[in-house]
>>> print(open('start25.cif').read())   # mmCIF, C-alpha atoms
data_data
#
loop_
_atom_site.label_atom_id
_atom_site.label_comp_id
_atom_site.auth_asym_id
_atom_site.auth_seq_id
_atom_site.Cartn_x
_atom_site.Cartn_y
_atom_site.Cartn_z
CA MET A 1 1.55 31.72 -41.72
CA THR A 2 0.56 34.23 -44.32
CA ASP A 3 2.77 32.82 -47.04
CA ASP A 4 1.35 29.35 -47.49
CA SER A 5 0.92 28.32 -51.07
CA PRO A 6 -2.62 28.53 -52.48
CA ALA A 7 -2.82 24.74 -52.56
CA THR A 8 -2.69 24.58 -48.76
CA THR A 9 -5.13 27.40 -48.27
CA ASP A 10 -7.64 25.86 -50.69
CA THR A 11 -7.62 22.44 -49.15
CA GLU A 12 -7.94 23.71 -45.60
CA SER A 13 -11.67 24.24 -46.08
CA GLU A 14 -12.29 20.74 -47.39
CA PRO A 15 -13.44 18.16 -44.86
CA ASP A 16 -11.38 15.32 -46.31
CA GLU A 17 -8.14 17.28 -46.57
CA PHE A 18 -5.16 15.01 -47.11
CA ASP A 19 -2.80 15.19 -44.15
CA VAL A 20 0.70 14.40 -45.37
CA ASP A 21 2.09 14.08 -41.84
CA GLU A 22 -0.64 11.66 -40.77
CA HIS A 23 -0.07 9.58 -43.91
CA ALA A 24 3.66 9.55 -43.14
CA ARG A 25 3.03 8.25 -39.62
CA GLU A 26 1.01 5.37 -40.99
CA HIS A 27 3.18 4.27 -43.90
CA ASP A 28 6.68 3.06 -44.33
CA PRO A 29 9.07 5.72 -45.73
CA GLU A 30 10.42 3.21 -48.24
CA ALA A 31 6.99 2.78 -49.85
CA ARG A 32 6.31 6.52 -49.71
CA VAL A 33 9.59 7.47 -51.33
CA ARG A 34 9.12 4.87 -54.06
CA ALA A 35 5.63 6.24 -54.73
CA LEU A 36 7.16 9.69 -55.16
CA GLN A 37 9.90 8.27 -57.33
CA SER A 38 7.36 6.48 -59.56
CA LEU A 39 5.28 9.62 -60.04
CA LEU A 40 8.36 11.77 -60.72
CA ILE A 41 9.75 9.27 -63.24
CA GLU A 42 6.39 9.05 -65.03
CA GLN A 43 6.52 12.82 -65.52
CA GLU A 44 10.19 12.71 -66.56
CA LEU A 45 11.08 14.95 -63.63
CA LEU A 46 13.42 12.15 -62.57
CA SER A 47 14.84 9.07 -64.28
CA SER A 48 16.07 5.63 -63.26
CA ASP A 49 19.61 6.42 -64.37
CA ALA A 50 19.60 9.74 -62.47
CA VAL A 51 18.60 7.94 -59.25
CA ASP A 52 21.39 5.37 -59.70
CA ASP A 53 23.95 8.06 -60.53
CA ILE A 54 23.02 10.24 -57.55
CA ILE A 55 23.36 7.32 -55.13
CA ALA A 56 26.64 6.13 -56.71
CA THR A 57 28.15 9.62 -56.58
CA TYR A 58 27.62 9.89 -52.84
CA GLU A 59 28.71 6.32 -52.17
CA HIS A 60 31.91 6.44 -54.22
CA GLU A 61 33.00 9.96 -55.17
CA ILE A 62 32.08 12.58 -52.59
CA GLY A 63 33.54 11.76 -49.21
CA PRO A 64 35.96 12.83 -46.47
CA LYS A 65 38.99 11.88 -48.61
CA ASN A 66 38.59 15.23 -50.38
CA GLY A 67 38.85 17.12 -47.10
CA ALA A 68 41.76 14.92 -46.01
CA ARG A 69 43.74 15.82 -49.15
CA VAL A 70 43.15 19.51 -48.48
CA VAL A 71 44.31 19.18 -44.87
CA ALA A 72 47.41 17.16 -45.82
CA ARG A 73 48.42 19.84 -48.33
CA ALA A 74 47.88 22.58 -45.74
CA TRP A 75 50.13 20.70 -43.28
CA THR A 76 52.97 20.54 -45.79
CA ASP A 77 52.67 23.88 -47.60
CA PRO A 78 52.38 27.09 -45.52
CA ASP A 79 51.44 29.23 -48.54
CA TYR A 80 48.66 26.81 -49.39
CA ARG A 81 47.50 26.91 -45.77
CA ASP A 82 47.17 30.71 -45.98
CA ARG A 83 45.18 30.46 -49.22
CA LEU A 84 42.95 27.77 -47.72
CA LEU A 85 42.10 29.87 -44.68
CA ALA A 86 41.43 32.93 -46.86
CA GLU A 87 39.53 31.32 -49.76
CA GLY A 88 38.42 27.83 -48.70
CA MET A 89 36.78 26.38 -51.78
CA SER A 90 39.09 27.78 -54.46
CA ALA A 91 42.09 26.43 -52.52
CA ALA A 92 40.31 23.10 -52.01
CA ALA A 93 39.71 22.83 -55.76
CA GLU A 94 43.50 22.94 -56.30
CA VAL A 95 43.97 19.55 -54.64
CA ALA A 96 40.59 17.79 -54.63
CA ASP A 97 38.20 17.02 -57.44
CA VAL A 98 35.52 19.47 -56.30
CA ASP A 99 33.53 22.19 -57.98
CA GLU A 100 34.49 25.40 -56.20
CA ASP A 101 31.23 27.10 -57.21
CA VAL A 102 28.93 24.52 -55.67
CA VAL A 103 29.15 25.70 -52.05
CA ASP A 104 31.21 28.15 -49.97
CA ILE A 105 33.31 26.59 -47.24
CA GLU A 106 35.24 28.53 -44.62
CA VAL A 107 38.13 26.58 -43.16
CA VAL A 108 38.84 27.34 -39.49
CA ALA A 109 42.20 26.34 -38.01
CA ASN A 110 42.82 24.73 -34.65
CA ALA A 111 45.73 26.16 -32.66
CA PRO A 112 47.51 25.08 -29.45
CA ASP A 113 45.13 27.25 -27.42
CA GLU A 114 42.03 27.01 -29.60
CA HIS A 115 39.67 24.28 -30.79
CA HIS A 116 36.90 24.57 -33.39
CA LEU A 117 33.69 22.55 -33.63
CA VAL A 118 31.05 22.55 -36.38
CA VAL A 119 27.30 22.03 -35.91
CA CYS A 120 23.99 22.96 -37.51
CA THR A 121 21.42 23.44 -34.76
CA LEU A 122 18.54 24.15 -37.19
CA CYS A 123 18.95 21.26 -39.64
CA SER A 124 22.06 19.42 -40.84
CA CYS A 125 24.16 21.87 -42.87
CA TYR A 126 27.57 20.33 -43.44
CA PRO A 127 30.63 20.95 -45.66
CA TRP A 128 29.47 18.10 -47.91
CA ALA A 129 31.56 19.16 -50.91
CA LEU A 130 34.68 18.19 -48.93
CA LEU A 131 33.35 15.65 -46.41
CA GLY A 132 30.47 13.90 -48.19
CA LEU A 133 27.20 13.08 -46.46
CA PRO A 134 26.99 14.02 -42.78
CA PRO A 135 27.28 11.06 -40.39
CA THR A 136 24.07 10.05 -38.65
CA TRP A 137 25.11 11.42 -35.23
CA TYR A 138 25.75 14.89 -36.73
CA LYS A 139 22.05 15.08 -37.67
CA THR A 140 20.64 14.00 -34.30
CA PRO A 141 18.96 16.16 -31.64
CA GLU A 142 21.50 14.71 -29.17
CA TYR A 143 24.42 16.37 -30.97
CA ARG A 144 22.72 19.49 -32.30
CA SER A 145 21.20 20.51 -28.95
CA ARG A 146 24.35 20.17 -26.86
CA ALA A 147 27.14 21.23 -29.22
CA VAL A 148 26.45 24.96 -28.75
CA LYS A 149 25.79 24.85 -25.00
CA ASP A 150 28.21 22.32 -23.56
CA PRO A 151 30.67 21.35 -26.29
CA ARG A 152 33.43 20.42 -23.84
CA GLY A 153 31.18 17.99 -21.96
CA LEU A 154 29.77 16.63 -25.22
CA LEU A 155 33.24 15.91 -26.65
CA ARG A 156 34.48 14.34 -23.42
CA GLU A 157 31.44 12.20 -22.59
CA GLU A 158 30.21 11.22 -26.04
CA PHE A 159 33.29 11.23 -28.25
CA GLY A 160 36.13 10.55 -25.80
CA THR A 161 37.89 13.82 -26.66
CA ASP A 162 39.10 15.49 -23.48
CA LEU A 163 40.01 19.10 -24.16
CA SER A 164 42.10 20.75 -21.50
CA ASP A 165 40.31 23.42 -19.46
CA ASP A 166 42.42 26.32 -20.73
CA LEU A 167 41.67 25.55 -24.37
CA GLU A 168 39.30 28.11 -25.91
CA ILE A 169 36.51 26.35 -27.82
CA ARG A 170 34.86 28.02 -30.81
CA VAL A 171 31.63 26.47 -32.06
CA HIS A 172 30.31 27.40 -35.51
CA ASP A 173 26.56 27.08 -35.97
CA SER A 174 26.05 26.65 -39.74
CA THR A 175 22.96 28.80 -40.24
CA SER A 176 23.71 30.13 -43.75
CA GLU A 177 24.80 28.55 -47.04
CA LEU A 178 28.40 29.11 -45.94
CA ARG A 179 29.77 25.92 -44.42
CA TYR A 180 32.60 25.37 -41.95
CA MET A 181 35.37 22.78 -41.92
CA VAL A 182 38.07 22.42 -39.28
CA LEU A 183 41.77 22.35 -40.15
CA PRO A 184 43.23 20.19 -37.36
CA GLN A 185 46.79 20.60 -36.11
CA GLN A 186 49.25 18.12 -37.47
CA PRO A 187 49.99 15.35 -34.94
CA PRO A 188 53.68 15.58 -33.92
CA GLU A 189 54.31 11.91 -34.72
CA THR A 190 53.51 12.56 -38.39
CA GLU A 191 56.17 15.24 -38.86
CA GLY A 192 58.28 14.55 -41.95
CA MET A 193 55.69 12.39 -43.70
CA THR A 194 54.80 13.06 -47.32
CA GLU A 195 51.50 14.63 -48.29
CA ASP A 196 50.20 11.26 -49.56
CA GLU A 197 51.10 9.55 -46.29
CA LEU A 198 49.48 12.32 -44.26
CA VAL A 199 46.13 11.91 -46.01
CA ASP A 200 45.56 8.67 -44.08
CA HIS A 201 46.08 10.46 -40.77
CA VAL A 202 43.30 13.00 -41.33
CA THR A 203 39.93 11.84 -40.01
CA ARG A 204 36.46 13.05 -40.86
CA ASP A 205 35.84 13.54 -37.14
CA ALA A 206 38.83 15.89 -36.81
CA MET A 207 37.52 17.99 -39.71
CA ILE A 208 34.18 18.36 -37.89
CA GLY A 209 35.96 18.99 -34.60
CA ILE A 210 34.79 16.10 -32.41
CA ASP A 211 38.35 14.77 -32.46
CA ARG A 212 41.59 16.75 -32.05
CA LEU A 213 43.88 14.06 -33.50
CA ALA A 214 46.54 12.24 -31.49
CA GLY A 215 49.11 14.53 -29.96
CA GLY A 216 46.90 17.59 -30.34
CA GLN A 217 45.03 17.01 -27.10
CA ASN A 218 47.26 18.93 -24.72
CA GLY A 219 46.36 22.57 -25.00
CA MET B 1 8.75 29.55 -36.48
CA ASN B 2 9.54 28.36 -32.98
CA GLY B 3 9.68 24.74 -34.10
CA ILE B 4 11.16 21.56 -32.72
CA HIS B 5 13.90 21.74 -35.35
CA ASP B 6 15.43 24.69 -33.48
CA LEU B 7 17.34 22.46 -31.08
CA GLY B 8 20.31 24.55 -29.92
CA GLY B 9 20.64 24.53 -26.12
CA MET B 10 17.88 22.02 -25.36
CA ASP B 11 18.66 19.49 -22.62
CA GLY B 12 17.75 15.89 -22.05
CA PHE B 13 18.20 14.18 -25.40
CA GLY B 14 20.78 11.87 -23.88
CA SER B 15 23.66 9.98 -25.36
CA VAL B 16 24.86 10.34 -28.94
CA ALA B 17 24.95 7.08 -30.90
CA TYR B 18 28.63 6.94 -31.84
CA PRO B 19 30.48 5.40 -33.58
CA ASP B 20 27.91 4.73 -36.24
CA THR B 21 27.54 3.46 -39.75
CA PRO B 22 29.63 4.74 -42.70
CA ASP B 23 28.89 8.10 -44.31
CA THR B 24 26.71 6.74 -47.05
CA PHE B 25 23.09 5.74 -47.21
CA ASP B 26 22.13 2.99 -44.75
CA HIS B 27 19.35 1.79 -47.06
CA ARG B 28 18.68 2.16 -50.76
CA TRP B 29 15.44 4.09 -50.10
CA GLU B 30 17.44 6.80 -48.29
CA GLY B 31 19.43 7.44 -51.46
CA GLU B 32 16.13 7.44 -53.35
CA ALA B 33 14.83 10.11 -50.96
CA TYR B 34 17.96 12.11 -51.77
CA ALA B 35 17.19 11.67 -55.50
CA ALA B 36 13.60 12.89 -54.96
CA PHE B 37 15.08 15.94 -53.22
CA VAL B 38 17.36 16.54 -56.23
CA ALA B 39 14.32 16.28 -58.53
CA THR B 40 12.32 18.73 -56.38
CA LEU B 41 15.05 21.37 -56.31
CA GLY B 42 16.48 20.55 -59.73
CA ASN B 43 13.15 21.03 -61.50
CA GLU B 44 12.67 24.25 -59.53
CA ILE B 45 9.52 22.95 -57.89
CA ALA B 46 10.75 24.33 -54.57
CA SER B 47 13.82 26.10 -53.18
CA ILE B 48 16.17 24.80 -50.49
CA ASP B 49 14.52 27.17 -48.01
CA GLU B 50 11.03 25.93 -48.85
CA PHE B 51 12.37 22.40 -48.36
CA ARG B 52 13.78 23.22 -44.91
CA HIS B 53 10.55 24.94 -43.92
CA SER B 54 8.55 21.93 -45.07
CA ILE B 55 10.53 19.76 -42.62
CA GLU B 56 9.94 22.33 -39.88
CA ARG B 57 6.18 22.10 -40.39
CA MET B 58 6.09 18.49 -39.19
CA PRO B 59 4.37 18.04 -35.81
CA PRO B 60 7.11 18.18 -33.12
CA ALA B 61 6.68 14.66 -31.76
CA GLN B 62 6.73 13.24 -35.28
CA TYR B 63 9.89 15.19 -36.13
CA LEU B 64 11.69 13.60 -33.18
CA ASP B 65 10.32 10.12 -33.90
CA SER B 66 11.16 10.05 -37.60
CA SER B 67 14.51 9.11 -39.06
CA TYR B 68 16.38 11.77 -41.02
CA TYR B 69 15.43 10.61 -44.53
CA ASP B 70 11.91 9.83 -43.37
CA ARG B 71 11.61 13.54 -42.54
CA TRP B 72 12.98 14.36 -45.99
CA THR B 73 10.42 12.08 -47.62
CA THR B 74 7.54 13.72 -45.76
CA ALA B 75 8.85 17.22 -46.53
CA ILE B 76 9.27 16.47 -50.25
CA THR B 77 5.81 14.91 -50.42
CA ARG B 78 4.32 18.06 -48.89
CA LEU B 79 6.07 20.28 -51.46
CA LEU B 80 5.07 18.10 -54.43
CA LEU B 81 1.44 18.13 -53.26
CA GLU B 82 1.35 21.87 -52.59
CA ASN B 83 2.81 22.58 -56.01
CA ASP B 84 0.35 20.21 -57.72
CA VAL B 85 3.13 18.01 -59.09
CA ILE B 86 1.38 14.96 -57.62
CA ASP B 87 -2.17 14.50 -56.40
CA PRO B 88 -2.99 12.99 -53.03
CA GLU B 89 -5.21 10.20 -54.33
CA THR B 90 -2.63 8.83 -56.75
CA PHE B 91 0.09 9.14 -54.14
CA VAL B 92 -1.95 7.26 -51.52
CA GLU B 93 -2.83 4.50 -54.00
CA ARG B 94 0.74 4.16 -55.20
CA THR B 95 2.12 4.01 -51.66
CA ALA B 96 -0.38 1.28 -50.75
CA ALA B 97 0.40 -0.73 -53.90
CA LEU B 98 4.16 -0.54 -53.29
CA GLU B 99 3.71 -1.44 -49.63
CA ALA B 100 1.65 -4.48 -50.61
CA GLY B 101 4.21 -5.54 -53.21
CA GLU B 102 1.64 -5.01 -55.98
CA ALA B 103 3.58 -2.35 -57.87
CA THR B 104 7.15 -1.61 -58.85
CA VAL B 105 8.92 1.63 -59.65
CA PRO B 106 8.93 2.21 -63.42
CA GLU B 107 12.30 2.01 -65.17
CA ARG B 108 12.93 4.91 -67.51
CA GLU B 109 16.19 6.42 -68.63
CA VAL B 110 16.38 10.07 -69.66
CA PRO B 111 19.86 10.88 -71.00
CA GLY B 112 21.06 14.31 -69.91
CA LEU B 113 18.42 14.80 -67.24
CA LEU B 114 20.86 14.47 -64.35
CA SER B 115 23.03 17.38 -65.50
CA GLU B 116 19.91 19.54 -65.87
CA LEU B 117 18.85 18.59 -62.35
CA ALA B 118 22.33 19.31 -60.98
CA ALA B 119 22.24 22.79 -62.52
CA GLY B 120 18.80 23.40 -61.00
CA VAL B 121 19.97 22.28 -57.57
CA ALA B 122 23.02 24.56 -57.78
CA ALA B 123 20.71 27.45 -58.72
CA SER B 124 18.47 26.69 -55.76
CA TYR B 125 21.38 26.81 -53.32
CA GLU B 126 22.77 30.00 -54.88
CA SER B 127 22.60 32.58 -52.15
CA ASP B 128 24.94 35.34 -53.30
CA ALA B 129 23.03 38.50 -54.16
CA PRO B 130 23.99 41.86 -55.65
CA ALA B 131 25.97 43.91 -53.17
CA GLU B 132 24.03 46.07 -50.74
CA SER B 133 25.58 48.49 -48.33
CA SER B 134 26.16 46.93 -44.94
CA THR B 135 24.89 48.69 -41.83
CA PHE B 136 27.35 46.97 -39.53
CA ALA B 137 31.12 46.70 -39.66
CA VAL B 138 33.51 44.14 -38.19
CA GLY B 139 33.94 44.95 -34.49
CA ASP B 140 30.45 46.42 -34.03
CA ALA B 141 28.43 45.27 -31.01
CA VAL B 142 24.97 44.02 -31.94
CA VAL B 143 21.95 42.55 -30.19
CA VAL B 144 19.83 39.87 -31.84
CA ARG B 145 16.25 41.03 -32.22
CA ASN B 146 13.66 39.21 -30.18
CA ASP B 147 11.53 38.37 -33.21
CA HIS B 148 9.37 35.24 -33.36
CA PRO B 149 8.26 35.00 -36.99
CA ASP B 150 5.50 32.52 -37.85
CA GLY B 151 7.35 31.43 -40.97
CA HIS B 152 10.86 30.25 -41.71
CA THR B 153 13.90 31.91 -40.19
CA ARG B 154 17.57 31.02 -39.80
CA CYS B 155 17.91 32.91 -36.55
CA PRO B 156 18.20 30.25 -33.83
CA ARG B 157 16.03 30.84 -30.76
CA TYR B 158 18.96 30.57 -28.33
CA ALA B 159 20.57 33.68 -29.86
CA ARG B 160 17.60 36.00 -29.44
CA ARG B 161 18.21 39.02 -27.20
CA ALA B 162 21.89 38.06 -26.96
CA ARG B 163 24.64 40.59 -27.43
CA GLY B 164 27.42 39.66 -29.83
CA GLU B 165 30.13 41.12 -32.03
CA ILE B 166 30.33 41.21 -35.81
CA VAL B 167 33.42 39.21 -36.79
CA ALA B 168 32.89 38.99 -40.57
CA ASP B 169 30.83 40.72 -43.23
CA ARG B 170 29.77 38.04 -45.73
CA GLY B 171 28.26 40.41 -48.29
CA ALA B 172 24.66 40.26 -49.49
CA HIS B 173 22.85 36.92 -49.44
CA VAL B 174 19.37 35.73 -50.26
CA LEU B 175 17.16 36.05 -47.18
CA PRO B 176 15.85 32.56 -46.32
CA ASP B 177 12.88 34.05 -44.43
CA ALA B 178 11.65 35.37 -47.80
CA ARG B 179 12.69 32.59 -50.17
CA ALA B 180 11.08 29.92 -47.98
CA HIS B 181 7.75 31.56 -48.83
CA GLY B 182 8.36 32.10 -52.53
CA GLU B 183 9.44 35.71 -52.11
CA SER B 184 12.63 37.38 -53.19
CA ALA B 185 14.82 39.48 -50.91
CA ALA B 186 18.48 39.81 -50.04
CA GLU B 187 20.35 41.33 -47.13
CA PRO B 188 23.90 41.62 -45.81
CA LEU B 189 24.94 38.51 -43.92
CA TYR B 190 27.33 38.66 -40.97
CA GLN B 191 29.20 36.20 -38.84
CA VAL B 192 28.45 37.16 -35.25
CA ALA B 193 30.41 35.84 -32.25
CA PHE B 194 28.75 35.31 -28.88
CA ASP B 195 30.38 34.66 -25.55
CA GLY B 196 29.28 31.40 -23.91
CA ARG B 197 28.13 33.16 -20.74
CA GLU B 198 26.07 35.67 -22.73
CA LEU B 199 24.15 32.75 -24.26
CA TRP B 200 23.99 30.31 -21.36
CA GLY B 201 24.40 32.30 -18.17
CA SER B 202 26.93 32.57 -15.40
CA ASP B 203 27.46 28.81 -15.00
CA ALA B 204 28.45 28.38 -18.63
CA ASP B 205 31.88 27.52 -19.95
CA GLY B 206 33.98 30.69 -19.69
CA ASP B 207 36.16 29.65 -22.63
CA LEU B 208 33.33 29.10 -25.07
CA GLU B 209 32.52 31.23 -28.10
CA VAL B 210 29.69 30.45 -30.52
CA THR B 211 29.56 32.01 -33.97
CA ILE B 212 26.32 32.24 -35.94
CA ASP B 213 25.78 33.60 -39.45
CA LEU B 214 22.95 36.12 -39.15
CA TRP B 215 21.18 38.35 -41.67
CA GLU B 216 20.99 42.09 -41.10
CA SER B 217 17.29 42.18 -40.23
CA TYR B 218 17.95 39.80 -37.31
CA LEU B 219 20.17 42.41 -35.67
CA ASP B 220 20.03 45.77 -33.90
CA PRO B 221 22.97 47.95 -32.90
CA ALA B 222 23.81 47.07 -29.29
CA GLU B 223 23.38 50.61 -27.96
CA GLU B 224 19.84 51.08 -29.28
CA ALA B 225 18.66 47.74 -28.02
CA THR B 226 19.99 48.29 -24.50
CA ASP B 227 18.22 51.68 -24.35
CA ASP B 228 14.81 50.09 -24.93
#
>>> encode(input="start25.cif", output="structure tokens")
Amino acid sequence: MTDDSPATTDTESEPDEFDVDEHAREHDPEARVRALQSLLIEQELLSSDAVDDIIATYEHEIGPKNGARVVARAWTDPDYRDRLLAEGMSAAAEVADVDEDVVDIEVVANAPDEHHLVVCTLCSCYPWALLGLPPTWYKTPEYRSRAVKDPRGLLREEFGTDLSDDLEIRVHDSTSELRYMVLPQQPPETEGMTEDELVDHVTRDAMIGIDRLAGGQNG
Amino acid sequence: MNGIHDLGGMDGFGSVAYPDTPDTFDHRWEGEAYAAFVATLGNEIASIDEFRHSIERMPPAQYLDSSYYDRWTTAITRLLLENDVIDPETFVERTAALEAGEATVPEREVPGLLSELAAGVAASYESDAPAESSTFAVGDAVVVRNDHPDGHTRCPRYARRARGEIVADRGAHVLPDARAHGESAAEPLYQVAFDGRELWGSDADGDLEVTIDLWESYLDPAEEATDD
């Protein structure tokens, strides 16, 4: 690599160079992260209240309920659905308490003959503004490796979602800062429900694409 | 770099652990790792691309053995050391003291700091760039260049040499390959669709399409590439 920072280049010649990876192998991440936290707080680059607020925000405020509200509105309002598919985040901000400038999200819609699935093969990019933190399985090599190569087998064998053979499957590898979220089809048994009632029928898994929601299975 | 993080299409990892725990932090320290990440980006010590590249620089076996937030912790530590925000001796001593239960994390409140950090994080993720003219248009056939850069790239290995079609022009975006190394560059970004059999061969699912967002310098026009 030609672009390493000077710090790395300088220390490479020293015999007792500190190896951050070796240190990580030998010490518990909890102790290491608290050492970082201590040093950052001492320099006022971080604060105790900021740490508490950041954790509380992800545990209580940002989560899949935001995405579910967006989907429920799209199921009940065709004009909204069109806006959502054209301009994901600005439409999302109409119904969920999200900052539309924080990240771009493209919403992709399932259809009777088409199913969408979201993955990030290179790291763990996820439409967090609408779904919260990615679930653990989304971040694993098991999911990331197979989702682009054998999504139909992955959904059937690992998630119990059996897509019919004639259903076209579109996988979106999230390689840029643009994120993808799936708009599932409305399950037939929920027809006639109010938007508020529908919110409870939208699952995080359906908005990632590992589930197709009840009634949507038959392509 | 051709790192272990570039997992698309690899076989043999086995079963996915599902269902799993709720979508929040499993342990308090994982949320603290997230906060250290916010501090690193929010204080503009490193960009999101430098952060991703720092994870990618872990030895492959260690990457696979470490939990997700363990990888974050190691990557953040590397960035704080390289940018002289912390020094290795103090970090080693502090880790040992905390591990032995001989130290605690200092309590200090700084009103207003969080909103400053949030603004810094948003700036670090900002990838829109001033418009540049796009070489490709929706419908164009392209071939992904067979480049193997030593540094960071967002072009997955499984797409290299594959022929695809431009399905969306995203406008100009910051080039991660540059920003991961402290440089500044922007290029048109496209959504490119690939047929499953183009990526995975004749035995692949015939009803599979994979879309990947790719920067202009990752791509050649299909005609030129096939003439090579």
>>> resolve_selection(input="start25.cif", expression="the PyMOL selection byres ((chain A and resi 53) around 12)", output="list in words")
Leu46, Ser47, Ser48, Asp49, Ala50, Val51, Asp52, Ile54, Ile55, Ala56, Thr57, Tyr58, Glu59, His60 and Glu61 of chain A; Gly31, Glu32, Tyr34, Ala35, Val38, Glu109, Pro111, Gly112, Leu113, Leu114, Ser115, Leu117 and Ala118 of chain B
>>> residues_around(input="start25.cif", residues="Asp200 in chain A", least_positions_apart="5", cutoff="10 Å", atoms="only C-alpha atoms", output="VMD selection string")
chain A and resid 65 68 to 69 72 195
>>> resolve_selection(input="start25.cif", expression="the PyMOL selection byres ((chain A) within 6 of (chain B))", output="PyMOL selection string")
chain A and resi 1+3+7+29-33+35+38+46-51+55+59+121-122+133+135+142+145-146+149+168-173+175-176
>>> write_last_selection(input="start25.cif", atoms="C-alpha atoms", output="PDB file, in the coordinates of the input")
ATOM      1  CA  MET A   1       1.550  31.720 -41.720  1.00  0.00           C
ATOM      2  CA  ASP A   3       2.770  32.820 -47.040  1.00  0.00           C
ATOM      3  CA  ALA A   7      -2.820  24.740 -52.560  1.00  0.00           C
ATOM      4  CA  PRO A  29       9.070   5.720 -45.730  1.00  0.00           C
ATOM      5  CA  GLU A  30      10.420   3.210 -48.240  1.00  0.00           C
ATOM      6  CA  ALA A  31       6.990   2.780 -49.850  1.00  0.00           C
ATOM      7  CA  ARG A  32       6.310   6.520 -49.710  1.00  0.00           C
ATOM      8  CA  VAL A  33       9.590   7.470 -51.330  1.00  0.00           C
ATOM      9  CA  ALA A  35       5.630   6.240 -54.730  1.00  0.00           C
ATOM     10  CA  SER A  38       7.360   6.480 -59.560  1.00  0.00           C
ATOM     11  CA  LEU A  46      13.420  12.150 -62.570  1.00  0.00           C
ATOM     12  CA  SER A  47      14.840   9.070 -64.280  1.00  0.00           C
ATOM     13  CA  SER A  48      16.070   5.630 -63.260  1.00  0.00           C
ATOM     14  CA  ASP A  49      19.610   6.420 -64.370  1.00  0.00           C
ATOM     15  CA  ALA A  50      19.600   9.740 -62.470  1.00  0.00           C
ATOM     16  CA  VAL A  51      18.600   7.940 -59.250  1.00  0.00           C
ATOM     17  CA  ILE A  55      23.360   7.320 -55.130  1.00  0.00           C
ATOM     18  CA  GLU A  59      28.710   6.320 -52.170  1.00  0.00           C
ATOM     19  CA  THR A 121      21.420  23.440 -34.760  1.00  0.00           C
ATOM     20  CA  LEU A 122      18.540  24.150 -37.190  1.00  0.00           C
ATOM     21  CA  LEU A 133      27.200  13.080 -46.460  1.00  0.00           C
ATOM     22  CA  PRO A 135      27.280  11.060 -40.390  1.00  0.00           C
ATOM     23  CA  GLU A 142      21.500  14.710 -29.170  1.00  0.00           C
ATOM     24  CA  SER A 145      21.200  20.510 -28.950  1.00  0.00           C
ATOM     25  CA  ARG A 146      24.350  20.170 -26.860  1.00  0.00           C
ATOM     26  CA  LYS A 149      25.790  24.850 -25.000  1.00  0.00           C
ATOM     27  CA  GLU A 168      39.300  28.110 -25.910  1.00  0.00           C
ATOM     28  CA  ILE A 169      36.510  26.350 -27.820  1.00  0.00           C
ATOM     29  CA  ARG A 170      34.860  28.020 -30.810  1.00  0.00           C
ATOM     30  CA  VAL A 171      31.630  26.470 -32.060  1.00  0.00           C
ATOM     31  CA  HIS A 172      30.310  27.400 -35.510  1.00  0.00           C
ATOM     32  CA  ASP A 173      26.560  27.080 -35.970  1.00  0.00           C
ATOM     33  CA  THR A 175      22.960  28.800 -40.240  1.00  0.00           C
ATOM     34  CA  SER A 176      23.710  30.130 -43.750  1.00  0.00           C
TER      35      SER A 176
END
>>> atom_distance(input="start25.cif", atom1="CA of Ala46 in chain B", atom2="CA of Glu106 in chain A")
26.8 Å
>>> closest_residue(input="start25.cif", among="B:Asp147, B:Asn2, B:Glu198, B:Leu41", to="Glu116 in chain B", atoms="all atoms listed in the file")
B:Leu41
>>> atom_distance(input="start25.cif", atom1="CA of Asn66 in chain A", atom2="CA of Val202 in chain A")
10.4 Å
>>> atom_distance(input="start25.cif", atom1="CA of Cys125 in chain A", atom2="CA of Pro151 in chain A")
17.8 Å
>>> resolve_selection(input="start25.cif", expression="the PyMOL selection byres ((chain A and resi 116) around 10)", output="list of chain:residue names")
A:Val108, A:Ala109, A:Asn110, A:Ala111, A:Glu114, A:His115, A:Leu117, A:Val118, A:Pro151, A:Glu168, A:Ile169, A:Arg170, A:Val171, A:His172, A:Tyr180, A:Met181, A:Val182, A:Leu183, A:Pro184, A:Ala206, A:Met207, A:Ile208, A:Gly209, A:Ile210, A:Asp211, A:Arg212, B:Glu209, B:Val210
>>> closest_residue(input="start25.cif", among="B:Glu223, B:Glu44, B:Glu102, B:Glu216", to="Ser134 in chain B", atoms="all atoms listed in the file")
B:Glu216
>>> closest_residue(input="start25.cif", among="B:Pro188, B:Gly120, B:Gly171, B:Pro221", to="Val144 in chain B", atoms="all atoms listed in the file")
B:Pro221
>>> closest_residue(input="start25.cif", among="A:Thr76, A:Gly132, A:Cys123, A:Glu157", to="Gln185 in chain A", atoms="only C-alpha atoms")
A:Thr76
>>> closest_residue(input="start25.cif", among="A:Ser90, A:Arg204, A:Gly160, A:Glu42", to="Pro134 in chain A", atoms="all atoms listed in the file")
A:Arg204
